[in-house]
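Engineer: I have a structure here, written as structure tokens, and I will follow up with some questions on it.
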Amino acid sequence: MTRTSLTQLEARDSFIPRHIGPSTAEQAAMLATLGYPSRAALIDAIVPANIRKKSKLELGQFFDPLPEQAALGKLKALAAKNKVMKSMIGQGYFNSHTPGVILRNIFENPAWYTAYTPYQPEISQGRLEAILNFQQMITDLTGMGIANSSMLDEGTAAAEAMTLIQRVGKSASNVFYVADDVLPQTLEVVQTRAQPIGVEVRTIAAADIGGLSEPCFGVLIQYPGVNGDVRDYRAAVEKLHAAGAMVIAAADLLALTLLAPPGDWGCDVVVGNSQRFGVPLGFGGPHAGYLATRDEFKRSMAGRLVGVTIDAQGNKAYRLALQTREQHIRREKATSNICTAQVLLAVMASMYAVYHGPEGLQRIARRVHRFTAILAAKLGQLGYDVVNKTYFDTLTVKSARAAELHAIATEHGVNLRKVDAGHVGISLDETTTREDIALLWTIFAQGVSSSPASPDFDAIEASAQDAYPAALARTSTYLTHPTFNRYHAEHEMLRYLRGLADKDLALDRTMIPLGSCTMKLNATSEMIPVTWPEFSNIHPFAPDAQTVGYREMIGQLEDMLCALTGYAAVSLQPNAGSQGEYAGLLVIKAYHESRGEGHRNICLIPSSAHGTNPASANMVGMKVVVTACDDSGNVDLADLRAKAEQHSANLACVMVTYPSTHGVFEEGIQELCEIIHSHGGQVYIDGANMNALVGVAAPGSFGGDVSHLNLHKTFCIPHGGGGPGVGPIGVGAHLARFLPNQRSTGYTRDEAGIGAVSAAPYGSASILPISWMYIAMMGGEGLTAATETAILAANYIARRLAPHYPVLYTGHDGLVAHECILDLRPITDATGISNEDVAKRLMDFGFHAPTMSFPVPGTLMIEPTESESKAEMDRFIDAMIAIHAEIVKVERGEYDRMDNPLKGAPHTAEVVTADVWEHKYSREAAAFPVASLRKQKYWPPVGRADNVYGDRNLFCGCAPISDYE
Ligand SMILES: *Cc1c(COP(=O)(O)O)cnc(C)c1O
């Protein structure tokens with residue numbers, strides 16, 4: 001008997017076969033179906049030779065894959081280099097207690113975090129209800145008519161609000177005022193967004209806004225201000241309205257439980273961040289930003305909106321409303337490019353409100369406020385001058401010894417806000433205790449002559465007064481809906497969360513074959529570090545000395561991504577792919593300007609592009625010129641060449657996706673890059689399809705100048721039901737110095753760099769360990785194998801389904817890249833069965849639908865990824881073949897054209913078990929089209945959602961209380 005060597009025994013612990021679904025034997029069977037002897041031979045036939053990577057990935061210390069435990073150990077050592085301090089920095093980010101029931105059952109629960117954006121409403125009712133709760137919570141707390149779900153952070157929410165009021169307002173002015181006590185990081189994002197669209201941002205002292213007489217289209221105020229002041233803007237808002245301007249308030253949700261909300265005093269838009277509702281600091285993100293506005297502006301609002309509609313049986317159902325406003329339809333006319341949002345974090349924040357209820361939230365707010373009042377009194381006794389006389393939770397203390405105070409605080413494990421050389425800021429929060437106040441007393445008493453002995457807590461507390469203007473005390477009610485008042489016992493909450501999750505299909509139940517979205521495994525070991533305190537309890541503006549581990553991990557991830565993409569430098573600041581596009585285009589603009597060619601403003605975009613591409617180009621002030629695709633779906637190089645020539649003098653860039661959104665490796669990509677470069681343009685390669693490239697080809701090597709990646713697609717960050725995401729950009733060496741800064745927070749990468757595109761320097765830093773873990777555990781060999789297997793899997797599905805559904809576009813030898821488009825249009829013409837009918841019917845089989853009608857209307861786009869086993873793919877293929885057999889029955893007249901299992905799909909348990917069954921097909925055909933469903937069956941909670949009804953009768957809040965009676 002041969003003895004297995006120790007090395008072989010150790011190799012068995014590899015993560016690679018955990019991540020890659022099909023075993024070696026299964027891959028051999030798949031290859032046999034395709035007629036290729038090996039994976040390598042298949043890749044040779046698919047990927048054009050001229051772009052192939054010649055050498056192995058240069059991953060340095062990360063080339064060899066690490067077993068799960070070893071990778072966790074290595075990351076833990078990095079995490080240990082962070083220093084968790086008690087943050088009292090505030091400035092938009094606060095400590096909070098994530099309720100355990102939310103931490104474990106949402107944040108750490110794959111039923112929630114592996115779900116996709118709820119485009120298919122019937123299998124998303126749970127998360128749709130949760131985000132509807134978020135909208136209701138924001139609407140109530142801000143006192144506005146309507147709120148979306150959600151924005152990427154407070155900074156971008158403010159920027160979107162600025163463009164919203166410019167669109168809907170009547171002012172002809174291009175001037176936008178920002179109060180000088182708006183969060184500095186917000187101001188910087190607003191300035192970045194304003195510049196390319198010709199908006200002039202001016203700052204103004206908050207106290208002077210009432211006297212503003214210069215014309216402007218809008219004003220942004222902070223409530224309470226960054227220094228803590230609670231200002232009464234009621235008269236100012238009236239005056240501004242009279243002068244034709246609109247007012248945006250950036251407001252703190254916890255403060256709004258005590259303070260009159262901006263909606264009650266006339267504001268037009270309210271924005272902010274819901275982080276302090278139970279979401280960890282995470283060194284800056286992810287957190288859900290919010291945007292609320294007047295009901296009359298609902299059709300002009302950016303971002304996603306959940307609305308109520310009815311299903312085929314007339315029952316209530318939730319769905320995403322007003323999809324027509326999405327970038328896919330408006331394209332270069334779109335005013336916002338937001339796509340992936342912050343759904344998981346919005347769900348957490350809304351559940352925090354559900355769990356605490358209005359009284360619980362108000363108790364937390366009152367406690368924070370009382371502690372602040374006690375602290376103010378104590379500081380007064382020590383002889384300090386608290387500059388702000390009104391406050392909610394933040395004090396600004398005048399002291400010539402500011403630097404010394406910071407040093408003393410640091411010694412005691414506390415971070416205070418560095419206001420300036422003569423002032424120190426202190427922000428309290430939900431986690432503040434009596435001990436913390438005593439600690440602050442100790443810190444501030446040091447060096448004070450004749451410091452009195454620590455006074456009696458209760459004596460001060462008895463005399464501590466509310467410190468906001470009495471006229472601004474909240475009188476309106478909020479969170480009165482039953483949802484916010486019935487789940488305060490943990491059992492009730494646990495079951496509410498479980499009940500919602502059970503309504504949905506996520507990756508924990510089925511493959512989600514969404515083309516372009518790369519719904520691959522989100523491994524548990526990748527997720528575990530996210531909630532380590534060394535990563536989650538770090539304030540984004542904590543001193544550098546406390547964030548060494550974070551920055552080292554980020555530096556390593558940047559290096560990894562450079563190696564994988566062939567670019568020279570990477571910025572992890574953008575909070576989603578859309579934001580990466582925006583940042584990348586600004587970098588291109590800055591490059592042209594640096595060469596005295598700032599006039600270059602033409603952006604060529606093929607007609608097959610994702611909607612975010614033209615929307616982003618519009619937002620940076622570029623002019624979109626659409627180029628054609630040929631009959632086989634490729635970019636029409638002749639047309640591209642002609643348009644590049646025509647616009648040669650003004651050509652800024654091209655934006656192409658590679659491999660194409662049609663799922664094909666276009667042979668002409670290098671030539672395309674050369675054409676653009678020869679006319680002085682830059683090449684932006686949308687990296688959403690990077691899962692077909694890693695280890696095989698690198699955009700930075702075959703001609704790209706900039707790409708964004710979607711870490712929530714290729715690099716395993718879960719979709720979270722529609723966010724969070726991370727959309728880093730990689731750039732060539734000539735563009736590296738233009739990458740984004742966040743100067744207001746002290747993050748200056750290079751003076752030549754563009755302004756901030758996110759509020760925090762490293763965007764959604766706390767989820768970066770997910771991608772770090774993935775790359776570390778896969779190593780060079782595993783990552784390349786993943787890409788090759790993803791391509792193999794897509795081709796296997798395409799080949800197996802081709803006899804039943806035509807595959808629309810293929811490349812060499814009838815092969816596709818990592819996804820394939822099934823053309824349902826001939827079937828629709830012949831039988832009336834649409835791609836939507838097939839998508840809905842898949843739900844009866846327990847599957848999530850493929851991508852519908854993108855990039856080609858009337859089609860389905862399937863991307864299995866490398867993580868699905870052959871067994872799961874075969875289950876899907878069997879379902880699709882069974883559905884095809886049903887279509888054939890329709891075609892032959894064996895099924896009625898209108899009343900058949902496809903048109904009736906999805907079928908709820910209620911429909912199937914009703915005493916009355918009047919359909920022209922059997923109940924059994926409806927519910928159990930294949931035998932395996934008898935053992936395990938997902939029941940959609942609602943029938944087919946009525947899209948038109950929901951948009952005509954737009955309603956975006958919780959059901960009125962009368963519905964519950
Ligand atoms: C997903 C995607 C985007 C947008 O990315 P988000 O993270 O959703 O903003 C852009 N382009 C393509 C091709 C995509 O598939």
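Just so we're on the same page: first chain in the structure tokens is A, next is B, and so on; residues restart at 1 for each chain, and ligands are numbered from 1 in the order they show up.
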Got a sec to check which residues lie within 6 Å of ligand 1, using only C-alpha atoms and all ligand atoms, and send them as a list in words?
Structural biologist: Ile338, Cys339, Thr340, Ser516, Cys517, Ala576, Gly577, Ser578, His610, Thr612, Asp686, Ala688, Asn710 and Gly725 of chain A
Engineer: Taking N, CA and C atoms for each residue, export the selection above as a short mmCIF file (atom, residue, chain, number, x, y, z; two decimals), in the first residue's frame.
Structural biologist:
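Wrote it out as out-v6.cif, contents follow:
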```
data_model
loop_
_atom_site.label_atom_id
_atom_site.label_comp_id
_atom_site.auth_asym_id
_atom_site.auth_seq_id
_atom_site.Cartn_x
_atom_site.Cartn_y
_atom_site.Cartn_z
N ILE A 338 -26.93 55.40 -9.66
CA ILE A 338 -26.94 54.44 -8.55
C ILE A 338 -27.67 53.17 -8.95
N CYS A 339 -27.05 52.04 -8.68
CA CYS A 339 -27.56 50.73 -9.06
C CYS A 339 -27.51 49.89 -7.79
N THR A 340 -26.39 49.25 -7.50
CA THR A 340 -26.23 48.59 -6.20
C THR A 340 -26.32 49.66 -5.10
N SER A 516 -24.31 38.69 -15.66
CA SER A 516 -23.70 39.97 -15.34
C SER A 516 -23.56 40.21 -13.84
N CYS A 517 -24.21 39.40 -13.01
CA CYS A 517 -24.21 39.68 -11.57
C CYS A 517 -23.29 38.77 -10.76
N ALA A 576 -19.60 51.32 -5.00
CA ALA A 576 -20.32 50.40 -5.88
C ALA A 576 -19.71 50.56 -7.27
N GLY A 577 -20.09 49.66 -8.17
CA GLY A 577 -19.58 49.75 -9.53
C GLY A 577 -19.90 51.10 -10.16
N SER A 578 -21.11 51.57 -9.95
CA SER A 578 -21.51 52.86 -10.52
C SER A 578 -20.58 53.97 -10.06
N HIS A 610 -24.12 48.47 -20.24
CA HIS A 610 -24.94 48.55 -19.03
C HIS A 610 -25.36 50.00 -18.83
N THR A 612 -25.54 51.93 -16.37
CA THR A 612 -24.74 52.82 -15.53
C THR A 612 -23.68 53.55 -16.34
N ASP A 686 -15.22 48.37 -18.44
CA ASP A 686 -16.12 48.01 -17.35
C ASP A 686 -15.76 46.60 -16.92
N ALA A 688 -17.14 44.53 -14.79
CA ALA A 688 -18.17 43.71 -14.16
C ALA A 688 -18.03 42.24 -14.56
N ASN A 710 -16.23 44.92 -9.61
CA ASN A 710 -17.31 44.84 -8.64
C ASN A 710 -16.89 43.76 -7.65
N GLY A 725 -21.83 47.05 -1.82
CA GLY A 725 -20.88 46.66 -2.84
C GLY A 725 -19.61 47.45 -2.66
#
```
Engineer: Give the strand (DSSP E) residues of range 373-560 of chain A, as DSSP finds them on the backbone, and put them as a list in words.
Structural biologist: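 So the strand (DSSP E) residues in range 373-560 of chain A would be Asp385, Val386, Thr394, Leu395, Thr396, Val397, Lys398, Val414, Asn415, Leu416, Arg417, Lys418, Val419, Asp420, His423, Val424, Gly425, Ile426 and Ser427 of chain A.
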Engineer: Write out as a PyMOL selection string each polymer residue whose atoms come within 9 Å of range 279-288 of chain A, counting only C-alpha atoms; drop sequence neighbours fewer than 5 positions from it.
Structural biologist: chain A and resi 93-98+149-154+272-274+341-349+352+530-531+533-542+547+550+575+723-725+759-767
Engineer: Please list as a ChimeraX atom specification every residue within 8 Å of Gly943 in chain A, counting only C-alpha atoms and excluding residues in the same chain fewer than 2 positions away.
Structural biologist: /A:122,311-313,905-908,940-941,945
Engineer: So that I have them on file, write out the residues from the current selection with N, CA, C and O atoms, as an mmCIF file, in the first residue's frame.
Structural biologist:
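Written out: result-v3.cif:
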```
data_model
loop_
_atom_site.group_PDB
_atom_site.id
_atom_site.type_symbol
_atom_site.label_atom_id
_atom_site.label_comp_id
_atom_site.auth_asym_id
_atom_site.auth_seq_id
_atom_site.Cartn_x
_atom_site.Cartn_y
_atom_site.Cartn_z
ATOM 1 N N GLU A 122 -41.700 38.301 -6.606
ATOM 2 C CA GLU A 122 -42.417 37.182 -6.002
ATOM 3 C C GLU A 122 -41.540 36.362 -5.070
ATOM 4 O O GLU A 122 -42.045 35.747 -4.126
ATOM 5 N N ASP A 311 -51.027 41.278 -6.625
ATOM 6 C CA ASP A 311 -50.593 40.161 -7.458
ATOM 7 C C ASP A 311 -51.757 39.698 -8.336
ATOM 8 O O ASP A 311 -52.832 40.322 -8.340
ATOM 9 N N ALA A 312 -51.532 38.615 -9.082
ATOM 10 C CA ALA A 312 -52.520 38.165 -10.059
ATOM 11 C C ALA A 312 -53.853 37.817 -9.398
ATOM 12 O O ALA A 312 -54.900 37.834 -10.045
ATOM 13 N N GLN A 313 -53.820 37.498 -8.107
ATOM 14 C CA GLN A 313 -55.057 37.162 -7.406
ATOM 15 C C GLN A 313 -55.649 38.370 -6.681
ATOM 16 O O GLN A 313 -56.619 38.246 -5.946
ATOM 17 N N ALA A 905 -47.881 31.211 -13.638
ATOM 18 C CA ALA A 905 -46.786 31.181 -12.662
ATOM 19 C C ALA A 905 -46.469 32.565 -12.115
ATOM 20 O O ALA A 905 -46.680 33.550 -12.819
ATOM 21 N N PRO A 906 -45.951 32.597 -10.884
ATOM 22 C CA PRO A 906 -45.754 31.481 -9.961
ATOM 23 C C PRO A 906 -47.047 31.147 -9.224
ATOM 24 O O PRO A 906 -47.918 31.996 -9.062
ATOM 25 N N HIS A 907 -47.158 29.897 -8.778
ATOM 26 C CA HIS A 907 -48.364 29.426 -8.109
ATOM 27 C C HIS A 907 -48.165 29.389 -6.597
ATOM 28 O O HIS A 907 -47.258 28.716 -6.113
ATOM 29 N N THR A 908 -49.011 30.086 -5.884
ATOM 30 C CA THR A 908 -48.912 30.060 -4.426
ATOM 31 C C THR A 908 -49.615 28.825 -3.882
ATOM 32 O O THR A 908 -50.446 28.206 -4.569
ATOM 33 N N PRO A 940 -43.862 30.250 -3.450
ATOM 34 C CA PRO A 940 -43.844 31.719 -3.540
ATOM 35 C C PRO A 940 -44.987 32.283 -2.702
ATOM 36 O O PRO A 940 -46.105 31.766 -2.764
ATOM 37 N N PRO A 941 -44.716 33.314 -1.904
ATOM 38 C CA PRO A 941 -45.766 33.847 -1.026
ATOM 39 C C PRO A 941 -46.818 34.674 -1.749
ATOM 40 O O PRO A 941 -47.893 34.899 -1.209
ATOM 41 N N ALA A 945 -46.682 39.584 -9.636
ATOM 42 C CA ALA A 945 -46.915 40.969 -9.231
ATOM 43 C C ALA A 945 -47.327 41.808 -10.443
ATOM 44 O O ALA A 945 -46.794 41.642 -11.541
#
```
Engineer: Kindly indicate which residue among A:Val624, A:Ala470, A:Ala776, A:Ala506 lies nearest to Asn109 in chain A, using only C-alpha atoms for the distances.
Structural biologist: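 Checking each candidate against Asn109 in chain A, we get A:Ala506 as the closest.
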Engineer: Please identify which residues in range 170-219 of chain A DSSP calls helix (DSSP H, G or I) from the backbone, and express them as an MDAnalysis selection string.
Structural biologist: chainID A and resid 184:197 206:211
Engineer: Can you work out which one of A:Asn618, A:Thr293, A:Ser922, A:Asn227 has the shortest atom-to-atom distance to Asp140 in chain A, counting only C-alpha atoms?
Structural biologist: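 Once distances to Asp140 in chain A are computed over only C-alpha atoms, the minimum belongs to A:Thr293.
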Engineer: Do you know which residues are at most 9 Å from Pro196 in chain A counting only C-alpha atoms, after dropping those on the same chain fewer than 5 positions away, and could you put them as a PyMOL selection string?
Structural biologist: chain A and resi 586+619-622
Engineer: With only C-alpha atoms as the counted atoms, please give the residues lying no more than 8 Å from Tyr949 in chain A, apart from itself and same-chain residues fewer than 4 positions off, as JSON, numbers by chain.
Structural biologist: {"A": [309, 310, 953]}
Engineer: Keeping only all heavy atoms, write the selected residues to a file as a JSON list (two decimals), in the first residue's frame.
Structural biologist:
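What ended up in result.json:
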```
[["chain", "number", "residue", "atom", "x", "y", "z"],
["A", 309, "THR", "N", -48.10, 46.85, -4.53],
["A", 309, "THR", "CA", -48.96, 46.60, -5.68],
["A", 309, "THR", "C", -49.87, 45.42, -5.34],
["A", 309, "THR", "O", -50.03, 45.08, -4.17],
["A", 309, "THR", "CB", -48.14, 46.35, -6.96],
["A", 309, "THR", "OG1", -49.03, 46.27, -8.07],
["A", 309, "THR", "CG2", -47.31, 45.08, -6.87],
["A", 310, "ILE", "N", -50.48, 44.84, -6.36],
["A", 310, "ILE", "CA", -51.29, 43.64, -6.14],
["A", 310, "ILE", "C", -50.74, 42.52, -7.01],
["A", 310, "ILE", "O", -50.04, 42.78, -7.98],
["A", 310, "ILE", "CB", -52.78, 43.86, -6.49],
["A", 310, "ILE", "CG1", -52.92, 44.44, -7.91],
["A", 310, "ILE", "CG2", -53.45, 44.77, -5.47],
["A", 310, "ILE", "CD1", -54.34, 44.49, -8.40],
["A", 953, "ASN", "N", -50.65, 53.38, -8.97],
["A", 953, "ASN", "CA", -51.14, 53.68, -7.62],
["A", 953, "ASN", "C", -49.96, 53.66, -6.67],
["A", 953, "ASN", "O", -49.89, 52.85, -5.75],
["A", 953, "ASN", "CB", -52.17, 52.63, -7.20],
["A", 953, "ASN", "CG", -53.30, 52.51, -8.20],
["A", 953, "ASN", "OD1", -54.23, 53.28, -8.19],
["A", 953, "ASN", "ND2", -53.18, 51.53, -9.09]]
```
Engineer: Which neighbours of Ala71 in chain A fall inside 12 Å, counting only C-alpha atoms, when residues of the same chain fewer than 3 positions from it are skipped, and could you give them as a PyMOL selection string?
Structural biologist: chain A and resi 13-15+61-62+64-68+74-78+525-526+528-529+769-779
Engineer: With N, CA, C and O atoms retained, export the selected residues as a compact mmCIF listing (two decimals), in the first residue's frame.
Structural biologist:
```txt
# COMPACT_ATOMS: atom_id res chain seq x y z
N ASP A 13 -6.74 20.04 2.76
CA ASP A 13 -7.45 21.11 3.46
C ASP A 13 -7.69 22.33 2.57
O ASP A 13 -8.18 23.34 3.04
N SER A 14 -7.34 22.24 1.32
CA SER A 14 -7.46 23.40 0.44
C SER A 14 -8.89 23.92 0.36
O SER A 14 -9.86 23.17 0.36
N PHE A 15 -9.00 25.24 0.27
CA PHE A 15 -10.30 25.89 0.12
C PHE A 15 -10.81 25.78 -1.32
O PHE A 15 -12.02 25.87 -1.56
N GLN A 61 3.46 36.95 -2.01
CA GLN A 61 3.22 36.08 -0.85
C GLN A 61 1.84 35.42 -0.90
O GLN A 61 1.57 34.51 -0.14
N PHE A 62 0.96 35.91 -1.78
CA PHE A 62 -0.38 35.32 -1.85
C PHE A 62 -0.54 34.36 -3.02
O PHE A 62 -1.64 33.97 -3.36
N ASP A 64 0.55 31.21 -3.31
CA ASP A 64 0.15 29.88 -2.84
C ASP A 64 -1.13 29.99 -2.02
O ASP A 64 -1.22 30.80 -1.11
N PRO A 65 -2.13 29.17 -2.34
CA PRO A 65 -3.39 29.26 -1.61
C PRO A 65 -3.22 28.90 -0.13
O PRO A 65 -2.45 28.01 0.21
N LEU A 66 -3.93 29.62 0.72
CA LEU A 66 -3.89 29.33 2.16
C LEU A 66 -5.15 28.56 2.54
O LEU A 66 -6.25 28.92 2.13
N PRO A 67 -5.01 27.51 3.36
CA PRO A 67 -6.21 26.86 3.89
C PRO A 67 -7.02 27.87 4.72
O PRO A 67 -6.48 28.88 5.17
N GLU A 68 -8.29 27.58 4.93
CA GLU A 68 -9.18 28.55 5.58
C GLU A 68 -8.62 29.03 6.92
O GLU A 68 -8.58 30.23 7.21
N LYS A 74 -3.80 34.61 9.45
CA LYS A 74 -2.99 35.68 8.87
C LYS A 74 -3.74 37.01 8.94
O LYS A 74 -3.16 38.07 9.24
N LEU A 75 -5.03 36.95 8.66
CA LEU A 75 -5.83 38.18 8.70
C LEU A 75 -6.01 38.66 10.14
O LEU A 75 -6.00 39.86 10.42
N LYS A 76 -6.13 37.69 11.05
CA LYS A 76 -6.30 38.06 12.47
C LYS A 76 -5.05 38.82 12.95
O LYS A 76 -5.16 39.79 13.72
N ALA A 77 -3.89 38.40 12.46
CA ALA A 77 -2.65 39.09 12.84
C ALA A 77 -2.66 40.53 12.33
O ALA A 77 -2.19 41.44 13.01
N LEU A 78 -3.21 40.72 11.13
CA LEU A 78 -3.33 42.09 10.61
C LEU A 78 -4.33 42.89 11.44
O LEU A 78 -4.09 44.03 11.81
N SER A 525 -15.99 31.53 5.77
CA SER A 525 -14.70 32.01 6.27
C SER A 525 -14.38 33.41 5.74
O SER A 525 -13.63 34.15 6.37
N GLU A 526 -14.92 33.73 4.58
CA GLU A 526 -14.72 35.10 4.07
C GLU A 526 -15.52 36.10 4.89
O GLU A 526 -15.12 37.26 5.07
N ILE A 528 -16.56 35.79 8.14
CA ILE A 528 -16.31 35.85 9.59
C ILE A 528 -15.55 37.09 10.04
O ILE A 528 -15.94 37.75 11.02
N PRO A 529 -14.48 37.51 9.34
CA PRO A 529 -13.72 38.67 9.85
C PRO A 529 -14.51 39.98 9.87
O PRO A 529 -14.13 40.90 10.59
N PRO A 769 -12.19 42.73 3.91
CA PRO A 769 -11.61 41.42 4.29
C PRO A 769 -12.22 40.25 3.54
O PRO A 769 -11.58 39.21 3.39
N ILE A 770 -13.46 40.40 3.06
CA ILE A 770 -14.09 39.29 2.33
C ILE A 770 -13.28 38.97 1.07
O ILE A 770 -12.93 37.81 0.81
N SER A 771 -12.96 40.01 0.32
CA SER A 771 -12.21 39.79 -0.92
C SER A 771 -10.77 39.38 -0.62
O SER A 771 -10.18 38.56 -1.33
N TRP A 772 -10.22 39.97 0.44
CA TRP A 772 -8.85 39.59 0.85
C TRP A 772 -8.81 38.09 1.14
O TRP A 772 -7.92 37.37 0.66
N MET A 773 -9.78 37.62 1.91
CA MET A 773 -9.84 36.20 2.27
C MET A 773 -9.97 35.33 1.02
O MET A 773 -9.31 34.29 0.89
N TYR A 774 -10.84 35.74 0.13
CA TYR A 774 -11.07 34.95 -1.10
C TYR A 774 -9.76 34.78 -1.87
O TYR A 774 -9.37 33.67 -2.23
N ILE A 775 -9.08 35.89 -2.09
CA ILE A 775 -7.85 35.82 -2.89
C ILE A 775 -6.78 35.03 -2.15
O ILE A 775 -6.09 34.19 -2.74
N ALA A 776 -6.69 35.27 -0.83
CA ALA A 776 -5.66 34.56 -0.06
C ALA A 776 -5.92 33.04 -0.04
O ALA A 776 -4.98 32.25 -0.09
N MET A 777 -7.17 32.65 0.02
CA MET A 777 -7.48 31.21 0.11
C MET A 777 -7.41 30.52 -1.26
O MET A 777 -7.21 29.32 -1.33
N MET A 778 -7.62 31.30 -2.33
CA MET A 778 -7.59 30.70 -3.67
C MET A 778 -6.17 30.69 -4.24
O MET A 778 -5.79 29.76 -4.96
N GLY A 779 -5.41 31.74 -3.97
CA GLY A 779 -4.07 31.84 -4.55
C GLY A 779 -4.14 31.94 -6.06
O GLY A 779 -5.23 31.91 -6.67
```
Engineer: Could you tell me how far CA of Thr480 in chain A sits from CA of Ala158 in chain A, in Å to one decimal place?
Structural biologist: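 CA of Thr480 in chain A lies 27.6 Å from CA of Ala158 in chain A.
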